[in-house]
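Just coords37.txt here, compact mmCIF, C-alpha atoms:
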```txt
# COMPACT_ATOMS: atom_id res chain seq x y z
CA LYS A 263 -191.36 154.90 96.92
CA GLN A 264 -189.30 152.49 94.85
CA GLU A 265 -188.57 149.11 96.43
CA VAL A 266 -186.16 146.54 95.03
CA THR A 267 -186.40 142.90 96.05
CA GLN A 268 -183.94 140.10 95.47
CA ILE A 269 -184.96 136.56 96.38
CA PRO A 270 -183.48 134.26 97.56
CA ALA A 271 -180.97 135.99 99.82
CA ALA A 272 -178.45 133.19 99.30
CA LEU A 273 -177.78 130.55 96.69
CA SER A 274 -175.31 127.67 96.49
CA VAL A 275 -174.63 125.85 93.22
CA PRO A 276 -172.02 123.39 91.90
CA GLU A 277 -169.36 124.64 89.53
CA GLY A 278 -170.36 124.64 85.87
CA GLU A 279 -174.05 125.25 86.44
CA ASN A 280 -175.88 127.97 84.54
CA LEU A 281 -177.86 130.13 86.92
CA VAL A 282 -180.31 133.00 87.05
CA LEU A 283 -180.48 135.69 89.71
CA ASN A 284 -183.77 137.56 90.00
CA CYS A 285 -184.57 141.17 90.82
CA SER A 286 -187.96 142.84 91.06
CA PHE A 287 -188.89 146.50 91.51
CA THR A 288 -192.19 148.17 92.35
CA ASP A 289 -192.15 151.31 90.20
CA SER A 290 -191.68 150.70 86.48
CA ALA A 291 -190.81 154.36 85.78
CA ILE A 292 -187.08 153.73 85.84
CA TYR A 293 -184.21 155.40 84.00
CA ASN A 294 -181.87 152.45 84.14
CA LEU A 295 -181.04 149.29 86.07
CA GLN A 296 -177.62 148.12 87.16
CA TRP A 297 -176.20 144.88 88.44
CA PHE A 298 -173.28 145.08 90.85
CA ARG A 299 -170.95 142.54 92.38
CA GLN A 300 -169.65 142.88 95.93
CA ASP A 301 -166.86 140.72 97.31
CA PRO A 302 -166.53 140.32 101.10
CA GLY A 303 -165.00 143.41 102.68
CA LYS A 304 -164.86 145.22 99.35
CA GLY A 305 -166.78 147.89 97.49
CA LEU A 306 -169.20 147.33 94.64
CA THR A 307 -168.19 146.71 91.05
CA SER A 308 -170.63 147.58 88.30
CA LEU A 309 -171.23 144.57 86.04
CA LEU A 310 -173.94 145.67 83.63
CA LEU A 311 -176.10 148.74 83.10
CA ILE A 312 -179.36 148.48 81.15
CA GLN A 313 -181.09 151.64 79.99
CA SER A 314 -184.88 151.65 80.29
CA SER A 315 -185.20 151.45 76.50
CA GLN A 316 -183.06 148.32 76.31
CA ARG A 317 -184.05 144.70 76.83
CA GLU A 318 -180.69 143.19 77.69
CA GLN A 319 -176.96 143.66 78.04
CA THR A 320 -174.18 141.10 77.79
CA SER A 321 -170.64 140.97 79.10
CA GLY A 322 -168.71 137.74 78.78
CA ARG A 323 -170.55 135.00 80.65
CA LEU A 324 -173.05 137.49 82.07
CA ASN A 325 -176.34 138.47 80.51
CA ALA A 326 -178.82 140.83 82.14
CA SER A 327 -182.37 141.26 80.92
CA LEU A 328 -184.96 143.90 81.75
CA ASP A 329 -188.74 143.70 81.58
CA LYS A 330 -189.74 147.16 82.70
CA SER A 331 -193.49 146.63 82.41
CA SER A 332 -193.45 143.70 84.80
CA GLY A 333 -190.82 145.24 87.07
CA ARG A 334 -188.29 142.44 86.68
CA SER A 335 -184.69 141.87 85.76
CA THR A 336 -182.58 138.75 85.64
CA LEU A 337 -178.84 138.22 85.69
CA TYR A 338 -177.82 135.05 83.87
CA ILE A 339 -174.42 133.57 84.68
CA ALA A 340 -173.23 130.88 82.28
CA ALA A 341 -170.91 128.06 83.30
CA SER A 342 -170.47 129.30 86.87
CA GLN A 343 -167.02 129.21 88.48
CA PRO A 344 -165.86 129.38 92.11
CA GLY A 345 -164.54 132.87 91.34
CA ASP A 346 -168.11 133.99 90.73
CA SER A 347 -168.82 133.57 94.45
CA ALA A 348 -169.87 137.00 95.72
CA THR A 349 -172.94 139.05 96.54
CA TYR A 350 -174.84 140.36 93.53
CA LEU A 351 -176.89 143.53 93.95
CA CYS A 352 -179.49 144.97 91.66
CA ALA A 353 -180.17 148.74 91.68
CA VAL A 354 -182.59 150.97 89.79
CA SER A 355 -182.58 154.68 89.04
CA ASP A 356 -186.00 156.26 88.82
CA THR A 357 -186.87 159.10 86.49
CA GLY A 358 -187.60 161.80 89.03
CA ALA A 359 -185.69 165.06 89.33
CA ASN A 360 -184.04 163.76 92.48
CA SER A 361 -183.42 160.31 91.14
CA LYS A 362 -181.16 158.03 93.11
CA LEU A 363 -180.08 154.43 92.93
CA THR A 364 -182.32 152.17 95.00
CA PHE A 365 -180.58 148.93 95.84
CA GLY A 366 -181.82 145.47 96.60
CA LYS A 367 -180.21 143.69 99.53
CA GLY A 368 -178.38 141.33 97.25
CA ILE A 369 -178.07 137.61 96.62
CA THR A 370 -175.03 135.90 98.11
CA LEU A 371 -173.84 133.30 95.62
CA SER A 372 -171.55 130.42 96.49
CA VAL A 373 -170.20 128.28 93.66
CA ARG A 374 -168.87 124.96 94.98
CA PRO A 375 -165.81 123.42 93.24
CA ASP B 146 -155.96 154.61 87.80
CA ALA B 147 -155.94 154.06 91.55
CA GLY B 148 -159.71 153.96 91.80
CA VAL B 149 -161.72 155.64 94.53
CA ILE B 150 -159.68 155.94 97.70
CA GLN B 151 -161.27 155.98 101.14
CA SER B 152 -159.71 156.45 104.53
CA PRO B 153 -159.63 155.15 107.12
CA ARG B 154 -160.59 151.61 106.15
CA HIS B 155 -161.65 150.81 109.69
CA GLU B 156 -162.67 153.10 112.53
CA VAL B 157 -163.61 152.21 116.08
CA THR B 158 -164.78 155.03 118.29
CA GLU B 159 -166.84 155.69 121.36
CA MET B 160 -170.29 157.16 121.42
CA GLY B 161 -170.21 160.93 121.37
CA GLN B 162 -166.95 161.25 119.50
CA GLU B 163 -166.57 163.01 116.17
CA VAL B 164 -165.84 160.79 113.17
CA THR B 165 -164.50 162.02 109.83
CA LEU B 166 -164.46 159.79 106.77
CA ARG B 167 -162.48 160.79 103.71
CA CYS B 168 -162.81 160.11 100.01
CA LYS B 169 -160.69 160.82 96.96
CA PRO B 170 -162.69 160.24 93.75
CA ILE B 171 -161.24 159.03 90.47
CA SER B 172 -159.50 161.86 88.65
CA GLY B 173 -161.78 163.44 86.06
CA HIS B 174 -165.00 162.28 87.69
CA ASN B 175 -167.37 165.09 88.57
CA SER B 176 -170.06 163.19 90.46
CA LEU B 177 -169.53 161.88 93.97
CA PHE B 178 -171.85 159.80 96.12
CA TRP B 179 -171.74 158.77 99.79
CA TYR B 180 -173.59 155.58 100.76
CA ARG B 181 -174.18 153.68 103.98
CA GLN B 182 -174.59 149.89 104.10
CA THR B 183 -176.11 147.95 106.99
CA MET B 184 -177.53 144.46 107.24
CA MET B 185 -180.97 145.78 108.14
CA ARG B 186 -181.36 148.56 105.58
CA GLY B 187 -178.98 147.51 102.84
CA LEU B 188 -177.24 150.20 100.80
CA GLU B 189 -178.63 153.73 101.04
CA LEU B 190 -177.59 156.96 99.36
CA LEU B 191 -176.68 159.67 101.86
CA ILE B 192 -175.64 162.55 99.63
CA TYR B 193 -174.79 163.28 95.99
CA PHE B 194 -172.39 165.99 94.76
CA ASN B 195 -172.01 167.20 91.20
CA ASN B 196 -169.13 169.51 90.31
CA ASN B 197 -168.41 169.84 94.05
CA VAL B 198 -171.91 171.11 94.80
CA PRO B 199 -174.32 169.10 97.01
CA ILE B 200 -177.29 168.29 94.79
CA ASP B 201 -179.27 165.85 96.90
CA ASP B 202 -178.78 165.40 100.64
CA SER B 203 -182.22 163.96 101.34
CA GLY B 204 -180.64 160.72 102.53
CA MET B 205 -178.59 162.32 105.29
CA PRO B 206 -180.19 160.84 108.39
CA GLU B 207 -180.03 163.86 110.67
CA ASP B 208 -178.12 166.98 111.60
CA ARG B 209 -175.35 164.94 113.16
CA PHE B 210 -174.23 164.08 109.65
CA SER B 211 -172.53 166.59 107.36
CA ALA B 212 -170.60 166.26 104.10
CA LYS B 213 -168.32 168.59 102.23
CA MET B 214 -166.51 168.61 98.92
CA PRO B 215 -164.05 171.52 98.96
CA ASN B 216 -162.54 170.56 95.61
CA ALA B 217 -162.84 167.99 92.84
CA SER B 218 -160.41 165.57 94.45
CA PHE B 219 -161.59 165.39 98.05
CA SER B 220 -164.73 164.89 100.09
CA THR B 221 -165.45 164.29 103.75
CA LEU B 222 -168.38 162.81 105.65
CA LYS B 223 -168.52 163.85 109.29
CA ILE B 224 -170.60 162.45 112.13
CA GLN B 225 -170.76 164.54 115.28
CA PRO B 226 -171.64 163.24 117.82
CA SER B 227 -171.50 159.59 116.79
CA GLU B 228 -173.97 157.02 118.12
CA PRO B 229 -173.90 153.19 118.14
CA ARG B 230 -176.64 153.09 115.47
CA ASP B 231 -174.23 154.84 113.08
CA SER B 232 -172.17 151.64 112.94
CA ALA B 233 -172.10 150.60 109.28
CA VAL B 234 -169.91 150.46 106.22
CA TYR B 235 -169.71 153.83 104.47
CA PHE B 236 -168.94 153.84 100.76
CA CYS B 237 -167.90 156.65 98.49
CA ALA B 238 -168.50 156.34 94.75
CA SER B 239 -167.65 158.57 91.83
CA GLY B 240 -168.71 158.88 88.21
CA ARG B 241 -168.26 161.00 85.11
CA GLY B 242 -171.43 162.94 84.36
CA GLY B 243 -174.67 163.22 86.31
CA ARG B 244 -176.54 160.98 88.70
CA PHE B 245 -177.33 158.32 86.08
CA VAL B 246 -173.76 157.39 85.29
CA THR B 247 -171.94 154.18 86.09
CA GLN B 248 -170.63 154.59 89.62
CA TYR B 249 -167.22 153.37 90.74
CA PHE B 250 -167.13 152.44 94.40
CA GLY B 251 -164.33 152.73 96.91
CA PRO B 252 -163.50 149.90 99.32
CA GLY B 253 -165.53 151.45 102.12
CA THR B 254 -164.89 152.50 105.70
CA ARG B 255 -166.13 150.08 108.35
CA LEU B 256 -167.28 152.17 111.32
CA LEU B 257 -167.99 150.77 114.74
CA VAL B 258 -169.33 153.10 117.42
CA LEU B 259 -169.20 151.61 120.91
```
Would you encode the structure as structure tokens?
Amino acid sequence: KQEVTQIPAALSVPEGENLVLNCSFTDSAIYNLQWFRQDPGKGLTSLLLIQSSQREQTSGRLNASLDKSSGRSTLYIAASQPGDSATYLCAVSDTGANSKLTFGKGITLSVRP
Amino acid sequence: DAGVIQSPRHEVTEMGQEVTLRCKPISGHNSLFWYRQTMMRGLELLIYFNNNVPIDDSGMPEDRFSAKMPNASFSTLKIQPSEPRDSAVYFCASGRGGRFVTQYFGPGTRLLVL
């Protein structure tokens, strides 16, 4: 059974800092990996999707990398801003016939002005 | 586009009552997902529809839960009878294609069962 872990559960950084959020998963037979953002009281917004054959994806100040063999992904946020404060969730799709997204519990990020 | 629409946004009910959650996916999307989010268990897939047909309901916790998708623009998740442990935020998400697509989430329904 796939398990996704995100540590630490919470992170507080000063504005302007570059930061890395980590995600690990137990079964490397994945189809893709996604990073989501969740604001308080809101739904999830997909930030980046990395196919299993890819190493990284970039969108603006965000860069996500994938190392399938080691079961790890990182989300890099450059020049963090207070507006980046949110919970960031990592989710993987496995390759089985009944594949589903397995989510980590998220990292709650607070960027201090 | 209005995005995925869910109603109600908040629901407070008493144990034993029937609860119906509603979802309108994004127009043109043919995949629909129902999720439940709790502090203890995180976000879990309950059921996945493709072209209005339930494909995977292995995440539905028990017979008290049922979901329908009578047409491409509407889905319901029903809990009957409800129990306090059903208290959670229920999300609906939709996508264009199969189960591996980018999913667009609704704002969720926060359910509290007393």
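Going from CA of Gln268 in chain A to CA of Glu189 in chain B covers 15.7 Å.
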Find the residues near Gln264 in chain A: any atom within 12 Å, counting all atoms listed in the file, skip ones fewer than 4 places away on the same chain, and give them as a count of residues only.
20
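For chain B, the residues close to chain A, meaning within 8 Å and counting all atoms listed in the file, are Arg186, Gly187, Leu188, Glu189, Leu190, Asp201, Phe236, Arg244, Phe245, Thr247, Gln248, Tyr249, Phe250, Gly251, Pro252 and Gly253 of chain B.
Our summary of the geometry notes that CA of Thr183 in chain B is positioned 14.8 Å from CA of Ile369 in chain A.
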Give me the range 193-241 of chain B side of the contact with range 152-164 of chain B, cut-off 9 Å, one line per residue showing its nearest atom pair and distance in Å at one decimal, counting only C-alpha atoms, sorted by chain and residue number, as a Markdown table.
```
| residue | atom | partner | partner_atom | distance |
| --- | --- | --- | --- | --- |
| B:Leu222 | CA | B:Val164 | CA | 8.2 |
| B:Lys223 | CA | B:Val164 | CA | 5.6 |
| B:Ile224 | CA | B:Val164 | CA | 5.1 |
| B:Gln225 | CA | B:Glu163 | CA | 4.5 |
| B:Pro226 | CA | B:Gly161 | CA | 4.5 |
| B:Ser227 | CA | B:Gly161 | CA | 4.9 |
| B:Glu228 | CA | B:Met160 | CA | 4.9 |
| B:Pro229 | CA | B:Met160 | CA | 6.3 |
| B:Val234 | CA | B:His155 | CA | 9.0 |
```
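The smallest atom-to-atom distance between Leu324 in chain A and any of A:Ala348, A:Val275, A:Ala341, A:Leu371, using all atoms listed in the file, is found for A:Ala341.
Distances to Ala233 in chain B were evaluated for B:Gly204, B:Gln182, B:Gln151, B:Lys213 using all atoms listed in the file, and the minimum falls at B:Gln182.
Take CA of Met205 in chain B and CA of Leu191 in chain B: the distance between them is 4.7 Å.
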So that I can check the surroundings of His174 in chain B, please list as a list of chain:residue names every protein, DNA and RNA residue that reaches within 12 Å of it, counting only C-alpha atoms and ignoring chain neighbours fewer than 2 positions away.
B:Asp146, B:Gly148, B:Val149, B:Lys169, B:Pro170, B:Ile171, B:Ser172, B:Ser176, B:Leu177, B:Phe178, B:Phe194, B:Asn195, B:Asn196, B:Asn197, B:Asn216, B:Ala217, B:Ser218, B:Phe219, B:Ala238, B:Ser239, B:Gly240, B:Arg241, B:Gly242, B:Gly243, B:Arg244, B:Val246, B:Thr247, B:Gln248, B:Tyr249
Centre, x/y/z edge lengths, axis-aligned box for range 249-258 of chain B with 5 Å per side, as JSON:
```
{"center_x": -166.4, "center_y": 151.6, "center_z": 104.1, "size_x": 15.8, "size_y": 13.5, "size_z": 36.7}
```
Would you mind completing range 197-208 of chain B so that it carries all heavy atoms, and writing it out as a PDB file, in the frame of the given file?
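Here's the written file result14.pdb:
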```pdb
ATOM      1  N   ASN B 197    -168.726 169.406  92.688  1.00  0.00           N
ATOM      2  CA  ASN B 197    -168.410 169.840  94.050  1.00  0.00           C
ATOM      3  C   ASN B 197    -169.586 170.456  94.795  1.00  0.00           C
ATOM      4  O   ASN B 197    -169.428 170.902  95.940  1.00  0.00           O
ATOM      5  CB  ASN B 197    -167.236 170.844  94.085  1.00  0.00           C
ATOM      6  CG  ASN B 197    -166.051 170.407  93.256  1.00  0.00           C
ATOM      7  OD1 ASN B 197    -165.870 169.220  93.011  1.00  0.00           O
ATOM      8  ND2 ASN B 197    -165.264 171.370  92.801  1.00  0.00           N
ATOM      9  N   VAL B 198    -170.743 170.497  94.182  1.00  0.00           N
ATOM     10  CA  VAL B 198    -171.910 171.110  94.800  1.00  0.00           C
ATOM     11  C   VAL B 198    -172.868 170.022  95.285  1.00  0.00           C
ATOM     12  O   VAL B 198    -173.170 169.099  94.529  1.00  0.00           O
ATOM     13  CB  VAL B 198    -172.646 172.028  93.794  1.00  0.00           C
ATOM     14  CG1 VAL B 198    -173.927 172.595  94.412  1.00  0.00           C
ATOM     15  CG2 VAL B 198    -171.725 173.141  93.320  1.00  0.00           C
ATOM     16  N   PRO B 199    -173.343 170.098  96.549  1.00  0.00           N
ATOM     17  CA  PRO B 199    -174.320 169.100  97.010  1.00  0.00           C
ATOM     18  C   PRO B 199    -175.645 169.274  96.283  1.00  0.00           C
ATOM     19  O   PRO B 199    -176.250 170.341  96.350  1.00  0.00           O
ATOM     20  CB  PRO B 199    -174.432 169.394  98.511  1.00  0.00           C
ATOM     21  CG  PRO B 199    -174.024 170.823  98.653  1.00  0.00           C
ATOM     22  CD  PRO B 199    -173.018 171.086  97.584  1.00  0.00           C
ATOM     23  N   ILE B 200    -176.070 168.235  95.579  1.00  0.00           N
ATOM     24  CA  ILE B 200    -177.290 168.290  94.790  1.00  0.00           C
ATOM     25  C   ILE B 200    -178.465 167.667  95.550  1.00  0.00           C
ATOM     26  O   ILE B 200    -179.587 168.156  95.491  1.00  0.00           O
ATOM     27  CB  ILE B 200    -177.111 167.586  93.433  1.00  0.00           C
ATOM     28  CG1 ILE B 200    -175.942 168.195  92.659  1.00  0.00           C
ATOM     29  CG2 ILE B 200    -178.401 167.615  92.633  1.00  0.00           C
ATOM     30  CD1 ILE B 200    -176.105 169.652  92.314  1.00  0.00           C
ATOM     31  N   ASP B 201    -178.195 166.579  96.236  1.00  0.00           N
ATOM     32  CA  ASP B 201    -179.270 165.850  96.900  1.00  0.00           C
ATOM     33  C   ASP B 201    -178.738 165.320  98.229  1.00  0.00           C
ATOM     34  O   ASP B 201    -177.909 164.420  98.232  1.00  0.00           O
ATOM     35  CB  ASP B 201    -179.752 164.705  96.013  1.00  0.00           C
ATOM     36  CG  ASP B 201    -180.884 163.898  96.631  1.00  0.00           C
ATOM     37  OD1 ASP B 201    -181.344 164.245  97.745  1.00  0.00           O
ATOM     38  OD2 ASP B 201    -181.310 162.910  96.015  1.00  0.00           O
ATOM     39  N   ASP B 202    -179.195 165.889  99.323  1.00  0.00           N
ATOM     40  CA  ASP B 202    -178.780 165.400 100.640  1.00  0.00           C
ATOM     41  C   ASP B 202    -179.976 164.842 101.410  1.00  0.00           C
ATOM     42  O   ASP B 202    -179.944 164.762 102.645  1.00  0.00           O
ATOM     43  CB  ASP B 202    -178.089 166.512 101.440  1.00  0.00           C
ATOM     44  CG  ASP B 202    -179.032 167.660 101.766  1.00  0.00           C
ATOM     45  OD1 ASP B 202    -180.199 167.656 101.293  1.00  0.00           O
ATOM     46  OD2 ASP B 202    -178.605 168.575 102.492  1.00  0.00           O
ATOM     47  N   SER B 203    -180.996 164.449 100.690  1.00  0.00           N
ATOM     48  CA  SER B 203    -182.220 163.960 101.340  1.00  0.00           C
ATOM     49  C   SER B 203    -182.004 162.667 102.115  1.00  0.00           C
ATOM     50  O   SER B 203    -182.801 162.313 102.980  1.00  0.00           O
ATOM     51  CB  SER B 203    -183.326 163.773 100.309  1.00  0.00           C
ATOM     52  OG  SER B 203    -182.930 162.832  99.325  1.00  0.00           O
ATOM     53  N   GLY B 204    -180.919 161.961 101.819  1.00  0.00           N
ATOM     54  CA  GLY B 204    -180.640 160.720 102.530  1.00  0.00           C
ATOM     55  C   GLY B 204    -179.829 160.884 103.795  1.00  0.00           C
ATOM     56  O   GLY B 204    -179.644 159.917 104.531  1.00  0.00           O
ATOM     57  N   MET B 205    -179.354 162.084 104.054  1.00  0.00           N
ATOM     58  CA  MET B 205    -178.590 162.320 105.290  1.00  0.00           C
ATOM     59  C   MET B 205    -179.537 162.149 106.468  1.00  0.00           C
ATOM     60  O   MET B 205    -180.545 162.844 106.569  1.00  0.00           O
ATOM     61  CB  MET B 205    -177.988 163.725 105.271  1.00  0.00           C
ATOM     62  CG  MET B 205    -176.979 163.919 104.161  1.00  0.00           C
ATOM     63  SD  MET B 205    -175.435 163.079 104.471  1.00  0.00           S
ATOM     64  CE  MET B 205    -174.519 164.419 105.203  1.00  0.00           C
ATOM     65  N   PRO B 206    -179.220 161.225 107.365  1.00  0.00           N
ATOM     66  CA  PRO B 206    -180.190 160.840 108.390  1.00  0.00           C
ATOM     67  C   PRO B 206    -180.590 161.954 109.346  1.00  0.00           C
ATOM     68  O   PRO B 206    -181.745 162.040 109.727  1.00  0.00           O
ATOM     69  CB  PRO B 206    -179.518 159.679 109.119  1.00  0.00           C
ATOM     70  CG  PRO B 206    -178.097 159.696 108.712  1.00  0.00           C
ATOM     71  CD  PRO B 206    -177.988 160.419 107.434  1.00  0.00           C
ATOM     72  N   GLU B 207    -179.701 162.789 109.727  1.00  0.00           N
ATOM     73  CA  GLU B 207    -180.030 163.860 110.670  1.00  0.00           C
ATOM     74  C   GLU B 207    -178.885 164.848 110.728  1.00  0.00           C
ATOM     75  O   GLU B 207    -177.876 164.691 110.062  1.00  0.00           O
ATOM     76  CB  GLU B 207    -180.321 163.259 112.056  1.00  0.00           C
ATOM     77  CG  GLU B 207    -179.282 162.262 112.538  1.00  0.00           C
ATOM     78  CD  GLU B 207    -179.818 161.391 113.656  1.00  0.00           C
ATOM     79  OE1 GLU B 207    -179.737 161.812 114.807  1.00  0.00           O
ATOM     80  OE2 GLU B 207    -180.295 160.279 113.359  1.00  0.00           O
ATOM     81  N   ASP B 208    -179.083 165.885 111.552  1.00  0.00           N
ATOM     82  CA  ASP B 208    -178.120 166.980 111.600  1.00  0.00           C
ATOM     83  C   ASP B 208    -176.744 166.544 112.103  1.00  0.00           C
ATOM     84  O   ASP B 208    -175.776 167.298 111.942  1.00  0.00           O
ATOM     85  CB  ASP B 208    -178.652 168.111 112.481  1.00  0.00           C
ATOM     86  CG  ASP B 208    -179.843 168.796 111.838  1.00  0.00           C
ATOM     87  OD1 ASP B 208    -180.061 168.580 110.625  1.00  0.00           O
ATOM     88  OD2 ASP B 208    -180.546 169.539 112.534  1.00  0.00           O
TER      89      ASP B 208
END
```
